[in-house]
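Student: Next comes the structure file data26.csv, holding CSV, C-alpha atoms.
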chain,number,residue,atom,x,y,z
A,1,MET,CA,61.2,-2.0,38.3
A,2,SER,CA,59.9,-1.9,34.8
A,3,GLY,CA,60.8,0.5,32.0
A,4,LEU,CA,64.2,1.4,30.5
A,5,ARG,CA,67.2,3.0,32.1
A,6,TYR,CA,68.2,6.4,30.8
A,7,VAL,CA,71.8,7.3,31.9
A,8,TYR,CA,72.7,10.9,32.3
A,9,ALA,CA,76.2,10.9,33.6
A,10,VAL,CA,78.9,8.9,35.4
A,11,CYS,CA,80.7,10.3,38.4
A,12,ARG,CA,82.4,9.4,41.6
A,13,PRO,CA,80.3,9.0,44.8
A,14,PHE,CA,79.3,12.4,46.1
A,15,GLY,CA,78.3,13.5,49.6
A,16,THR,CA,75.8,16.3,48.9
A,17,PRO,CA,72.3,15.1,48.0
A,18,LEU,CA,70.7,16.2,44.8
A,19,PRO,CA,67.6,18.5,45.3
A,20,ALA,CA,64.7,16.4,46.3
A,21,GLN,CA,62.4,17.9,43.7
A,22,LEU,CA,64.8,17.4,40.8
A,23,THR,CA,63.2,15.7,37.8
A,24,GLY,CA,64.7,14.7,34.5
A,25,VAL,CA,63.7,13.1,31.2
A,26,ALA,CA,60.1,11.9,31.3
A,27,GLY,CA,59.5,13.9,34.4
A,28,VAL,CA,61.2,11.2,36.5
A,29,PRO,CA,63.6,12.0,39.4
A,30,PRO,CA,67.1,10.5,38.7
A,31,LYS,CA,68.6,8.0,41.1
A,32,GLN,CA,72.1,6.9,41.8
A,33,LEU,CA,73.2,3.5,40.7
A,34,VAL,CA,76.5,2.8,42.6
A,35,HIS,CA,78.9,0.3,41.3
A,36,ARG,CA,82.2,0.1,43.1
A,37,ASP,CA,83.9,3.5,42.8
A,38,LEU,CA,81.5,4.8,40.2
A,39,VAL,CA,78.0,6.2,40.2
A,40,ALA,CA,75.7,6.2,37.2
A,41,LEU,CA,72.9,8.8,37.4
A,42,VAL,CA,69.9,6.9,36.0
A,43,GLY,CA,66.3,7.6,35.3
A,44,GLN,CA,63.5,5.2,34.6
A,45,VAL,CA,61.9,6.0,31.3
A,46,PRO,CA,58.8,4.4,29.6
A,47,GLU,CA,59.5,1.8,26.9
A,48,GLU,CA,56.8,3.2,24.7
A,49,ASP,CA,58.9,6.4,24.3
A,50,PHE,CA,62.4,5.1,24.6
A,51,SER,CA,62.7,1.8,22.8
A,52,GLU,CA,64.3,2.0,19.4
A,53,GLU,CA,61.4,2.8,17.1
A,54,PRO,CA,59.5,5.4,19.2
A,55,LEU,CA,62.8,7.0,20.2
A,56,ARG,CA,63.8,7.3,16.6
A,57,ALA,CA,60.5,9.0,15.7
A,58,HIS,CA,60.7,11.3,18.7
A,59,LEU,CA,64.1,12.5,17.8
A,60,GLU,CA,62.8,13.7,14.5
A,61,ASP,CA,60.4,16.0,16.4
A,62,LEU,CA,62.3,19.2,17.3
A,63,ASP,CA,59.9,20.1,20.1
A,64,TRP,CA,60.3,16.7,21.8
A,65,LEU,CA,64.1,16.9,21.2
A,66,GLY,CA,64.3,20.3,22.7
A,67,ALA,CA,62.3,19.4,25.8
A,68,THR,CA,64.3,16.2,26.3
A,69,ALA,CA,67.6,18.0,25.9
A,70,ARG,CA,66.5,20.6,28.5
A,71,ALA,CA,65.4,17.9,30.9
A,72,HIS,CA,68.7,16.1,30.4
A,73,GLN,CA,70.7,19.3,30.9
A,74,ASN,CA,68.6,20.1,34.0
A,75,VAL,CA,69.8,16.9,35.7
A,76,ILE,CA,73.4,17.5,34.6
A,77,ASP,CA,73.3,21.0,35.9
A,78,ALA,CA,72.1,19.9,39.3
A,79,LEU,CA,74.8,17.2,39.4
A,80,THR,CA,77.5,19.7,38.4
A,81,VAL,CA,76.7,21.7,41.5
A,82,VAL,CA,77.7,18.8,43.8
A,83,THR,CA,80.4,17.1,41.7
A,84,SER,CA,82.3,17.1,38.4
A,85,PRO,CA,80.4,14.5,36.3
A,86,LEU,CA,81.2,12.9,33.0
A,87,PRO,CA,78.1,13.8,31.0
A,88,LEU,CA,76.8,11.2,28.5
A,89,ARG,CA,75.3,12.0,25.2
A,90,LEU,CA,71.5,12.5,24.9
A,91,ALA,CA,69.4,9.3,24.9
A,92,THR,CA,71.9,6.7,26.2
A,93,VAL,CA,69.4,4.0,27.2
A,94,PHE,CA,69.8,0.5,28.7
A,95,ARG,CA,67.2,-2.3,29.3
A,96,ASP,CA,67.9,-2.6,33.0
A,97,ASP,CA,70.2,-1.9,35.9
A,98,SER,CA,72.5,-4.8,35.2
A,99,GLY,CA,73.1,-3.5,31.7
A,100,VAL,CA,74.2,-0.2,33.3
A,101,ARG,CA,76.5,-2.0,35.7
A,102,THR,CA,78.1,-4.1,33.0
A,103,MET,CA,78.8,-0.8,31.1
A,104,LEU,CA,80.3,0.8,34.2
A,105,GLU,CA,82.5,-2.3,34.8
A,106,GLU,CA,83.7,-2.5,31.2
A,107,ARG,CA,84.7,1.1,31.1
A,108,GLU,CA,85.8,1.6,34.7
A,109,ARG,CA,89.4,2.5,34.0
A,110,THR,CA,88.6,5.0,31.3
A,111,PHE,CA,85.9,6.6,33.4
A,112,LEU,CA,88.2,6.9,36.4
A,113,ARG,CA,91.0,8.4,34.4
A,114,THR,CA,88.7,11.0,32.8
A,115,LEU,CA,87.0,11.8,36.0
A,116,ASP,CA,90.4,12.5,37.6
A,117,ARG,CA,91.3,14.8,34.8
A,118,LEU,CA,88.0,16.7,35.1
A,119,ASP,CA,87.8,16.7,38.9
A,120,GLY,CA,87.1,20.1,40.3
A,121,ARG,CA,86.7,21.7,36.8
A,122,VAL,CA,83.9,23.1,34.9
A,123,GLU,CA,83.3,24.3,31.4
A,124,TRP,CA,82.6,27.9,30.4
A,125,GLY,CA,81.2,28.8,27.0
A,126,VAL,CA,82.2,32.1,25.3
A,127,LYS,CA,80.6,33.4,22.1
A,128,VAL,CA,81.3,36.6,20.2
A,129,TYR,CA,78.7,38.1,18.0
A,130,SER,CA,78.9,41.0,15.6
A,131,GLU,CA,75.9,43.1,16.3
A,132,PRO,CA,73.6,43.4,13.2
A,133,THR,CA,74.0,46.7,11.5
A,134,ASP,CA,71.4,47.6,8.9
A,135,ALA,CA,73.5,50.4,7.5
A,136,ALA,CA,76.0,48.0,6.0
A,137,GLU,CA,73.3,46.0,4.1
A,138,GLY,CA,70.4,48.4,3.8
A,139,PRO,CA,70.0,51.4,1.5
A,140,GLU,CA,72.0,54.5,2.2
A,141,THR,CA,70.3,57.1,4.3
A,142,SER,CA,72.6,60.0,3.4
A,143,GLY,CA,71.1,60.4,-0.1
A,144,THR,CA,70.7,63.8,-1.6
A,145,SER,CA,67.4,65.4,-1.9
A,146,ALA,CA,67.9,65.7,-5.6
A,147,ALA,CA,66.2,62.4,-6.2
A,148,PRO,CA,62.6,63.0,-7.4
A,149,SER,CA,59.7,61.8,-5.3
A,150,GLY,CA,58.7,58.3,-6.2
A,151,SER,CA,62.2,56.9,-6.3
A,152,SER,CA,63.3,54.8,-3.3
A,153,PRO,CA,64.8,56.7,-0.4
A,154,GLY,CA,68.5,57.4,-0.6
A,155,LYS,CA,68.7,56.3,-4.2
A,156,ALA,CA,72.0,57.4,-5.7
A,157,ALA,CA,71.8,60.4,-7.9
A,158,SER,CA,73.9,58.7,-10.6
A,159,GLY,CA,75.6,55.5,-11.4
A,160,ARG,CA,78.8,57.1,-10.2
A,161,ASP,CA,77.3,58.0,-6.8
A,162,TYR,CA,75.9,54.5,-6.6
A,163,LEU,CA,79.2,52.9,-7.2
A,164,ARG,CA,80.9,55.2,-4.7
A,165,GLN,CA,78.3,54.3,-2.1
A,166,ARG,CA,78.6,50.6,-2.7
A,167,ARG,CA,82.4,50.8,-2.6
A,168,ASN,CA,82.3,52.6,0.7
A,169,GLN,CA,79.8,50.2,2.1
A,170,ARG,CA,81.9,47.3,1.1
A,171,ARG,CA,85.0,48.7,2.6
A,172,GLU,CA,83.3,49.5,5.9
A,173,HIS,CA,81.9,45.9,5.8
A,174,GLU,CA,85.3,44.4,5.3
A,175,GLU,CA,86.9,46.5,8.0
A,176,LYS,CA,84.2,45.5,10.4
A,177,TRP,CA,84.9,41.8,9.8
A,178,GLU,CA,88.6,42.3,10.2
A,179,ARG,CA,88.1,44.1,13.5
A,180,ALA,CA,85.7,41.4,14.7
A,181,GLU,CA,88.0,38.6,13.8
A,182,GLN,CA,91.0,40.3,15.4
A,183,PHE,CA,89.0,40.9,18.6
A,184,ALA,CA,87.8,37.3,18.7
A,185,ARG,CA,91.4,36.0,18.2
A,186,ARG,CA,92.8,38.2,21.0
A,187,LEU,CA,90.0,37.3,23.3
A,188,HIS,CA,90.5,33.6,22.7
A,189,GLU,CA,94.2,33.9,23.4
A,190,SER,CA,93.7,35.8,26.6
A,191,LEU,CA,91.0,33.4,27.8
A,192,SER,CA,93.1,30.4,26.8
A,193,GLY,CA,95.8,31.7,29.2
A,194,ALA,CA,93.3,31.5,32.0
A,195,ALA,CA,92.0,28.0,31.1
A,196,GLU,CA,93.4,24.5,31.4
A,197,ASP,CA,92.1,23.5,28.0
A,198,THR,CA,90.0,24.9,25.2
A,199,ARG,CA,87.9,23.8,22.3
A,200,ILE,CA,86.6,25.9,19.4
A,201,HIS,CA,83.2,24.9,18.2
A,202,ALA,CA,81.5,25.6,14.9
A,203,PRO,CA,79.7,29.0,15.0
A,204,GLN,CA,76.0,28.7,15.8
A,205,ASN,CA,73.4,29.3,13.3
A,206,ALA,CA,71.1,32.1,14.2
A,207,ALA,CA,68.0,30.2,13.0
A,208,LEU,CA,68.4,27.8,16.0
A,209,SER,CA,70.0,30.1,18.6
A,210,ARG,CA,67.7,33.0,17.8
A,211,ALA,CA,70.6,35.2,18.9
A,212,PRO,CA,70.9,38.4,16.9
A,213,GLY,CA,74.0,39.1,14.9
A,214,ARG,CA,76.5,36.7,13.4
A,215,ASN,CA,78.4,34.3,15.7
A,216,ILE,CA,82.1,34.7,15.0
A,217,LEU,CA,83.6,32.8,18.0
A,218,ASN,CA,82.1,29.9,19.8
A,219,ALA,CA,84.6,28.4,22.2
A,220,ALA,CA,84.6,26.3,25.4
A,221,TYR,CA,87.1,26.7,28.2
A,222,LEU,CA,88.0,24.1,30.9
A,223,VAL,CA,88.5,26.1,34.2
A,224,SER,CA,89.0,24.9,37.7
A,225,ARG,CA,86.2,25.8,40.1
A,226,THR,CA,88.5,27.9,42.2
A,227,GLU,CA,89.7,29.9,39.2
A,228,SER,CA,86.2,30.3,37.8
A,229,GLU,CA,85.4,33.6,39.4
A,230,ALA,CA,88.6,35.2,38.0
A,231,PHE,CA,87.7,33.7,34.6
A,232,VAL,CA,84.3,35.3,34.6
A,233,GLU,CA,85.7,38.6,35.7
A,234,LEU,CA,88.2,38.4,32.8
A,235,VAL,CA,85.4,37.8,30.3
A,236,ASP,CA,83.4,40.7,31.9
A,237,ARG,CA,86.3,43.1,31.5
A,238,THR,CA,86.7,42.4,27.8
A,239,LYS,CA,83.0,43.0,27.1
A,240,ASP,CA,83.2,46.7,26.5
A,241,ASP,CA,86.4,46.6,24.5
A,242,ALA,CA,84.9,46.2,21.1
A,243,PRO,CA,82.1,48.4,19.9
A,244,GLY,CA,79.7,46.6,17.6
A,245,LEU,CA,80.5,43.2,19.1
A,246,ARG,CA,78.8,41.3,21.8
A,247,VAL,CA,80.5,38.8,24.1
A,248,GLU,CA,78.3,36.1,25.6
A,249,LEU,CA,79.2,33.9,28.5
A,250,THR,CA,77.4,30.7,29.4
A,251,GLY,CA,78.1,28.2,32.2
A,252,PRO,CA,79.2,26.7,34.4
A,253,TRP,CA,78.6,23.6,32.4
A,254,ALA,CA,79.6,20.1,33.1
A,255,ALA,CA,82.8,19.5,31.1
A,256,TYR,CA,80.9,18.3,28.0
A,257,SER,CA,83.5,19.5,25.5
A,258,PHE,CA,86.4,17.9,27.4
A,259,SER,CA,84.9,14.5,28.2
A,260,GLY,CA,86.4,12.8,25.1
A,261,GLU,CA,88.8,10.0,25.9
A,262,ASP,CA,91.3,11.2,23.4
A,263,THR,CA,91.8,14.6,25.1
B,1,MET,CA,81.1,20.5,50.6
B,2,THR,CA,81.4,24.1,49.4
B,3,THR,CA,81.9,23.7,45.7
B,4,ALA,CA,78.5,25.2,45.0
B,5,GLN,CA,79.4,28.4,46.8
B,6,ARG,CA,82.7,28.8,45.1
B,7,LEU,CA,81.2,28.9,41.6
B,8,PRO,CA,79.9,32.2,40.2
B,9,ASP,CA,76.2,32.4,39.5
B,10,PRO,CA,75.2,30.6,36.3
B,11,TYR,CA,75.4,32.5,33.1
B,12,GLY,CA,72.7,31.5,30.7
B,13,SER,CA,72.9,27.8,31.7
B,14,GLY,CA,69.6,26.1,32.7
B,15,GLY,CA,66.4,27.7,31.6
B,16,GLY,CA,68.1,30.8,30.1
B,17,ALA,CA,70.6,29.0,27.8
B,18,ASN,CA,69.5,29.1,24.3
B,19,LEU,CA,68.4,25.8,22.7
B,20,ALA,CA,71.4,25.8,20.4
B,21,ASP,CA,73.8,25.9,23.4
B,22,ILE,CA,72.1,23.0,25.0
B,23,LEU,CA,71.7,20.9,21.9
B,24,GLU,CA,75.3,21.6,20.9
B,25,ARG,CA,76.4,20.0,24.1
B,26,VAL,CA,74.0,17.2,24.7
B,27,LEU,CA,73.9,16.0,21.1
B,28,ASP,CA,77.5,16.6,19.9
B,29,LYS,CA,79.6,16.7,23.1
B,30,GLY,CA,79.6,14.4,26.1
B,31,ILE,CA,80.6,10.8,26.1
B,32,VAL,CA,79.2,8.4,23.6
B,33,ILE,CA,78.2,5.0,24.9
B,34,ALA,CA,76.3,2.5,22.9
B,35,GLY,CA,73.4,1.5,25.2
B,36,ASP,CA,71.0,-1.4,24.7
B,37,ILE,CA,68.8,0.9,22.6
B,38,ARG,CA,70.8,1.4,19.6
B,39,ILE,CA,70.2,4.8,18.1
B,40,ASN,CA,72.8,6.6,16.1
B,41,LEU,CA,72.0,10.2,16.5
B,42,LEU,CA,73.7,10.9,13.1
B,43,ASP,CA,71.2,8.6,11.4
B,44,ILE,CA,68.2,10.7,12.4
B,45,GLU,CA,67.0,12.6,9.3
B,46,LEU,CA,66.1,15.9,11.0
B,47,LEU,CA,69.3,15.9,13.0
B,48,THR,CA,71.2,15.2,9.9
B,49,ILE,CA,69.7,17.9,7.9
B,50,LYS,CA,69.0,20.7,10.3
B,51,LEU,CA,71.1,20.2,13.4
B,52,ARG,CA,74.3,18.5,12.5
B,53,LEU,CA,75.2,21.4,10.3
B,54,VAL,CA,74.7,23.7,13.3
B,55,VAL,CA,76.1,21.8,16.1
B,56,ALA,CA,78.7,19.4,14.7
B,57,SER,CA,82.2,20.6,15.1
B,58,VAL,CA,83.7,22.0,11.9
B,59,ASP,CA,86.5,19.5,11.8
B,60,LYS,CA,84.1,16.6,12.3
B,61,ALA,CA,81.7,17.8,9.7
B,62,LYS,CA,84.5,18.3,7.2
B,63,GLU,CA,85.8,14.8,7.9
B,64,MET,CA,82.4,13.6,6.9
B,65,GLY,CA,82.6,15.7,3.8
B,66,ILE,CA,79.8,18.0,5.0
B,67,ASP,CA,80.8,21.5,4.3
B,68,TRP,CA,78.5,22.5,1.5
B,69,TRP,CA,76.5,24.8,3.7
B,70,GLU,CA,79.4,27.1,3.8
B,71,SER,CA,78.6,28.1,0.2
B,72,ASP,CA,74.8,27.6,0.4
B,73,PRO,CA,73.2,31.0,0.7
B,74,GLN,CA,70.1,29.4,2.4
B,75,LEU,CA,72.2,27.9,5.2
B,76,SER,CA,75.0,30.4,5.6
B,77,SER,CA,74.5,34.1,6.0
B,78,ARG,CA,78.0,34.7,5.0
B,79,ALA,CA,77.5,32.8,1.8
B,80,GLY,CA,74.5,34.9,1.2
B,81,ARG,CA,76.4,38.1,1.5
B,82,ASP,CA,79.3,36.8,-0.6
B,83,GLU,CA,76.8,36.0,-3.4
B,84,LEU,CA,75.3,39.5,-3.1
B,85,ALA,CA,78.7,41.0,-3.2
B,86,ARG,CA,79.5,39.1,-6.3
B,87,GLU,CA,76.3,40.0,-7.9
B,88,ASN,CA,76.9,43.7,-7.0
B,89,ALA,CA,80.3,43.6,-8.5
B,90,GLU,CA,78.9,42.3,-11.8
B,91,LEU,CA,76.2,44.9,-11.9
B,92,ARG,CA,78.6,47.6,-11.1
B,93,ALA,CA,80.9,46.6,-13.9
B,94,HIS,CA,77.9,46.5,-16.2
B,95,VAL,CA,76.7,49.9,-15.2
B,96,ALA,CA,80.1,51.5,-15.7
B,97,GLU,CA,80.4,49.9,-19.1
B,98,LEU,CA,77.0,51.3,-20.2
B,99,GLU,CA,77.7,54.8,-18.8
B,100,GLY,CA,81.0,54.8,-20.6
B,101,ALA,CA,79.4,53.7,-23.9
B,102,ARG,CA,76.7,56.3,-23.6
B,103,GLY,CA,78.7,59.4,-22.7
B,104,GLY,CA,81.8,58.5,-24.7
B,105,VAL,CA,84.0,59.3,-21.6
B,106,PRO,CA,85.0,56.9,-18.9
B,107,ALA,CA,82.2,56.7,-16.2
B,108,ARG,CA,84.5,57.7,-13.4
B,109,GLU,CA,85.3,61.1,-15.0
B,110,ARG,CA,81.7,62.2,-15.7
B,111,GLU,CA,79.6,64.3,-13.5
B,112,PRO,CA,76.0,63.1,-13.0
B,113,SER,CA,73.7,64.9,-15.4
B,114,GLU,CA,70.2,66.1,-14.7
B,115,GLU,CA,68.8,63.5,-16.9
B,116,GLU,CA,70.5,60.7,-15.2
B,117,ALA,CA,69.5,61.9,-11.7
B,118,GLN,CA,65.9,61.5,-12.7
B,119,GLY,CA,66.4,58.2,-14.4
Before anything else, please render the file you have as structure tokens.

Tutor:
Amino acid sequence: MSGLRYVYAVCRPFGTPLPAQLTGVAGVPPKQLVHRDLVALVGQVPEEDFSEEPLRAHLEDLDWLGATARAHQNVIDALTVVTSPLPLRLATVFRDDSGVRTMLEERERTFLRTLDRLDGRVEWGVKVYSEPTDAAEGPETSGTSAAPSGSSPGKAASGRDYLRQRRNQRREHEEKWERAEQFARRLHESLSGAAEDTRIHAPQNAALSRAPGRNILNAAYLVSRTESEAFVELVDRTKDDAPGLRVELTGPWAAYSFSGEDT
Amino acid sequence: MTTAQRLPDPYGSGGGANLADILERVLDKGIVIAGDIRINLLDIELLTIKLRLVVASVDKAKEMGIDWWESDPQLSSRAGRDELARENAELRAHVAELEGARGGVPAREREPSEEEAQG
């Protein structure tokens, strides 16, 4: 078999087969490479795209990167349905099967230890956004009709009115953030109580996520499969608690945020 | 094996998850193993400039001394607002000063005049 080996994840042998039509990076179905008590999920990828130079160039291309990341995640998702895998970072590539086997052998003990820790668990992502409110940033709409035509709508009648308006806006704005942060903190505390482990990630930039509003909490929770339904219900119940805020749940993910060896 | 049935339906994962959710995990989380093809994702220019700021964990980024986006209005909406607020405060002080000087009374005690309303 020619081509390079793209490794998606490491897991223990699993009984349920993956969907027959499942494809991954480069449109290639992943296959299992079994080595003793471990399985590496591996896909064959072309050298012209995945050897060092072309891969480096591809990674600079956001479209290629996005498509490859989705293909990678597609395979991890399918694997997460049948087992609790240890997901590898994007673009982990070996020359051949024996390179993959050597890697499995060298890290066998760590892999087994981490897989035991993650066994039967999944990751849920919870994000809190403040809904964008134009009123806080935009011009006041309560302006008096005293302003002559030609001036901008809602223009303050005087410097004094202007100052008062700006002061009120600023106060409302600050109160809004305080409420949002309090809500996020309470939510995180309550969800942490229902999870085995948690991670707080950097807030997402709206330019990439295209999600409206500002991301004020971006957290991951490690939850056992059996407790997951209760966890989801808990998130659902809190959704309506905070006007002007939006709670977003993603998952179940493979335990990406908890796969580090130092955790 | 019934693990699949026990899990609630996916929320946003797969096709529906936003790209930031996926990139955040596949680029910045998950286990790092040096394969035969040696690519350090942090060396990639586009990732460095555009993505690492978004997906790297705050602590990790700060460890690397990368936190300047927090005060860069082009990269941080909060920084943008902070700057606007600062600018507004300066302008407000300036306006109050001018009004005080013109009317000879402190700005906060004056009622708006017809003249000013039209200005």

Student: Could you please determine the separation between CA of Val25 in chain A and CA of His72 in chain A in Å, to one decimal place?

Tutor: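 CA of His72 in chain A lies at a distance of 5.9 Å from CA of Val25 in chain A.
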
Student: Applying 10 Å and all atoms listed in the file, which residues near Asp49 in chain A remain after dropping the ones on its own chain fewer than 3 positions away? List them as a list of chain:residue names.

Tutor: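 Within the cut-off, the hits are A:Gly3, A:Leu4, A:Ala26, A:Val45, A:Pro46, A:Glu52, A:Glu53, A:Pro54, A:Leu55, A:Arg56, A:Ala57, A:His58.
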
Student: Kindly determine which residues of chain A lie within 6 Å of chain B, considering only C-alpha atoms, and give the answer as a list of chain:residue names.

Tutor: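 My answer is A:Glu52, A:Glu60, A:Val81, A:Pro87, A:Leu88, A:Arg89, A:Leu90, A:Thr92, A:Val93, A:Phe94, A:Ala157, A:Ser158, A:His201, A:Ala202, A:Gln204, A:Asn205, A:Leu208, A:Ser209, A:Glu229, A:Thr250, A:Gly251, A:Pro252, A:Tyr256, A:Ser257, A:Ser259.
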
Student: Find the distance between CA of Gly24 in chain A and CA of Val10 in chain A and write it in Å to one decimal.

Tutor: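 These two atoms are separated by 15.4 Å.
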
Student: Between CA of Pro17 in chain A and CA of Leu79 in chain A, what is the distance in Å, rounded to a tenth?

Tutor: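 Atom-to-atom, CA of Pro17 in chain A to CA of Leu79 in chain A, that is 9.2 Å.
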
Student: Which polymer residues, whether protein, DNA or RNA, lie within 12 Å of the coordinate (84.2, 44.6, 10.4) when you count all atoms listed in the file? List them as a PyMOL selection string, using the chain letters and numbers from the file.

Tutor: chain A and resi 129-133+136+169-184+214+216+242-245

Student: Can we get range 60-125 of chain A of that structure written down with C-alpha atoms, as a PDB file, in the first residue's frame?

Tutor:
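Final output, saved to result10.pdb:
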ATOM      1  CA  GLU A  60      -2.054  28.093   5.181  1.00  0.00           C
ATOM      2  CA  ASP A  61      -5.247  27.731   3.159  1.00  0.00           C
ATOM      3  CA  LEU A  62      -8.226  28.250   5.411  1.00  0.00           C
ATOM      4  CA  ASP A  63     -10.602  26.455   3.023  1.00  0.00           C
ATOM      5  CA  TRP A  64      -8.396  23.368   2.876  1.00  0.00           C
ATOM      6  CA  LEU A  65      -7.862  23.507   6.604  1.00  0.00           C
ATOM      7  CA  GLY A  66     -11.596  23.796   7.270  1.00  0.00           C
ATOM      8  CA  ALA A  67     -12.482  20.890   4.983  1.00  0.00           C
ATOM      9  CA  THR A  68      -9.727  18.702   6.448  1.00  0.00           C
ATOM     10  CA  ALA A  69     -10.726  19.577  10.004  1.00  0.00           C
ATOM     11  CA  ARG A  70     -14.341  18.621   9.249  1.00  0.00           C
ATOM     12  CA  ALA A  71     -13.246  15.351   7.623  1.00  0.00           C
ATOM     13  CA  HIS A  72     -11.075  14.568  10.645  1.00  0.00           C
ATOM     14  CA  GLN A  73     -13.914  15.368  13.020  1.00  0.00           C
ATOM     15  CA  ASN A  74     -16.333  13.308  10.930  1.00  0.00           C
ATOM     16  CA  VAL A  75     -14.252  10.201  11.604  1.00  0.00           C
ATOM     17  CA  ILE A  76     -13.787  11.013  15.291  1.00  0.00           C
ATOM     18  CA  ASP A  77     -17.544  11.524  15.622  1.00  0.00           C
ATOM     19  CA  ALA A  78     -18.301   8.126  14.117  1.00  0.00           C
ATOM     20  CA  LEU A  79     -15.705   6.493  16.362  1.00  0.00           C
ATOM     21  CA  THR A  80     -17.127   8.220  19.437  1.00  0.00           C
ATOM     22  CA  VAL A  81     -20.470   6.534  18.799  1.00  0.00           C
ATOM     23  CA  VAL A  82     -18.915   3.081  19.248  1.00  0.00           C
ATOM     24  CA  THR A  83     -16.106   3.708  21.747  1.00  0.00           C
ATOM     25  CA  SER A  84     -14.354   6.424  23.782  1.00  0.00           C
ATOM     26  CA  PRO A  85     -11.318   7.248  21.657  1.00  0.00           C
ATOM     27  CA  LEU A  86      -8.236   9.307  22.305  1.00  0.00           C
ATOM     28  CA  PRO A  87      -8.358  11.880  19.495  1.00  0.00           C
ATOM     29  CA  LEU A  88      -5.068  12.954  17.933  1.00  0.00           C
ATOM     30  CA  ARG A  89      -4.344  16.445  16.768  1.00  0.00           C
ATOM     31  CA  LEU A  90      -5.003  17.294  13.126  1.00  0.00           C
ATOM     32  CA  ALA A  91      -2.433  16.104  10.579  1.00  0.00           C
ATOM     33  CA  THR A  92      -0.569  13.416  12.514  1.00  0.00           C
ATOM     34  CA  VAL A  93       1.054  11.604   9.590  1.00  0.00           C
ATOM     35  CA  PHE A  94       3.399   8.578   9.362  1.00  0.00           C
ATOM     36  CA  ARG A  95       5.235   7.070   6.394  1.00  0.00           C
ATOM     37  CA  ASP A  96       3.852   3.574   6.786  1.00  0.00           C
ATOM     38  CA  ASP A  97       2.048   1.131   9.065  1.00  0.00           C
ATOM     39  CA  SER A  98       5.213   0.117  10.864  1.00  0.00           C
ATOM     40  CA  GLY A  99       5.792   3.724  11.906  1.00  0.00           C
ATOM     41  CA  VAL A 100       2.313   3.767  13.423  1.00  0.00           C
ATOM     42  CA  ARG A 101       2.963   0.468  15.217  1.00  0.00           C
ATOM     43  CA  THR A 102       6.224   1.742  16.667  1.00  0.00           C
ATOM     44  CA  MET A 103       4.425   4.836  17.951  1.00  0.00           C
ATOM     45  CA  LEU A 104       1.700   2.670  19.558  1.00  0.00           C
ATOM     46  CA  GLU A 105       4.291   0.485  21.213  1.00  0.00           C
ATOM     47  CA  GLU A 106       6.360   3.363  22.556  1.00  0.00           C
ATOM     48  CA  ARG A 107       3.357   5.061  24.107  1.00  0.00           C
ATOM     49  CA  GLU A 108       1.373   1.980  25.033  1.00  0.00           C
ATOM     50  CA  ARG A 109       1.312   2.553  28.790  1.00  0.00           C
ATOM     51  CA  THR A 110       0.308   6.208  28.549  1.00  0.00           C
ATOM     52  CA  PHE A 111      -2.374   5.431  25.996  1.00  0.00           C
ATOM     53  CA  LEU A 112      -3.859   2.659  28.102  1.00  0.00           C
ATOM     54  CA  ARG A 113      -3.839   4.805  31.208  1.00  0.00           C
ATOM     55  CA  THR A 114      -5.549   7.736  29.453  1.00  0.00           C
ATOM     56  CA  LEU A 115      -8.050   5.452  27.724  1.00  0.00           C
ATOM     57  CA  ASP A 116      -9.001   3.992  31.104  1.00  0.00           C
ATOM     58  CA  ARG A 117      -9.563   7.478  32.442  1.00  0.00           C
ATOM     59  CA  LEU A 118     -11.750   8.489  29.490  1.00  0.00           C
ATOM     60  CA  ASP A 119     -13.569   5.165  29.155  1.00  0.00           C
ATOM     61  CA  GLY A 120     -17.328   5.638  28.897  1.00  0.00           C
ATOM     62  CA  ARG A 121     -17.049   9.423  28.920  1.00  0.00           C
ATOM     63  CA  VAL A 122     -17.713  12.163  26.417  1.00  0.00           C
ATOM     64  CA  GLU A 123     -17.114  15.877  26.241  1.00  0.00           C
ATOM     65  CA  TRP A 124     -19.843  18.503  26.097  1.00  0.00           C
ATOM     66  CA  GLY A 125     -19.131  22.068  25.053  1.00  0.00           C
TER      67      GLY A 125
END
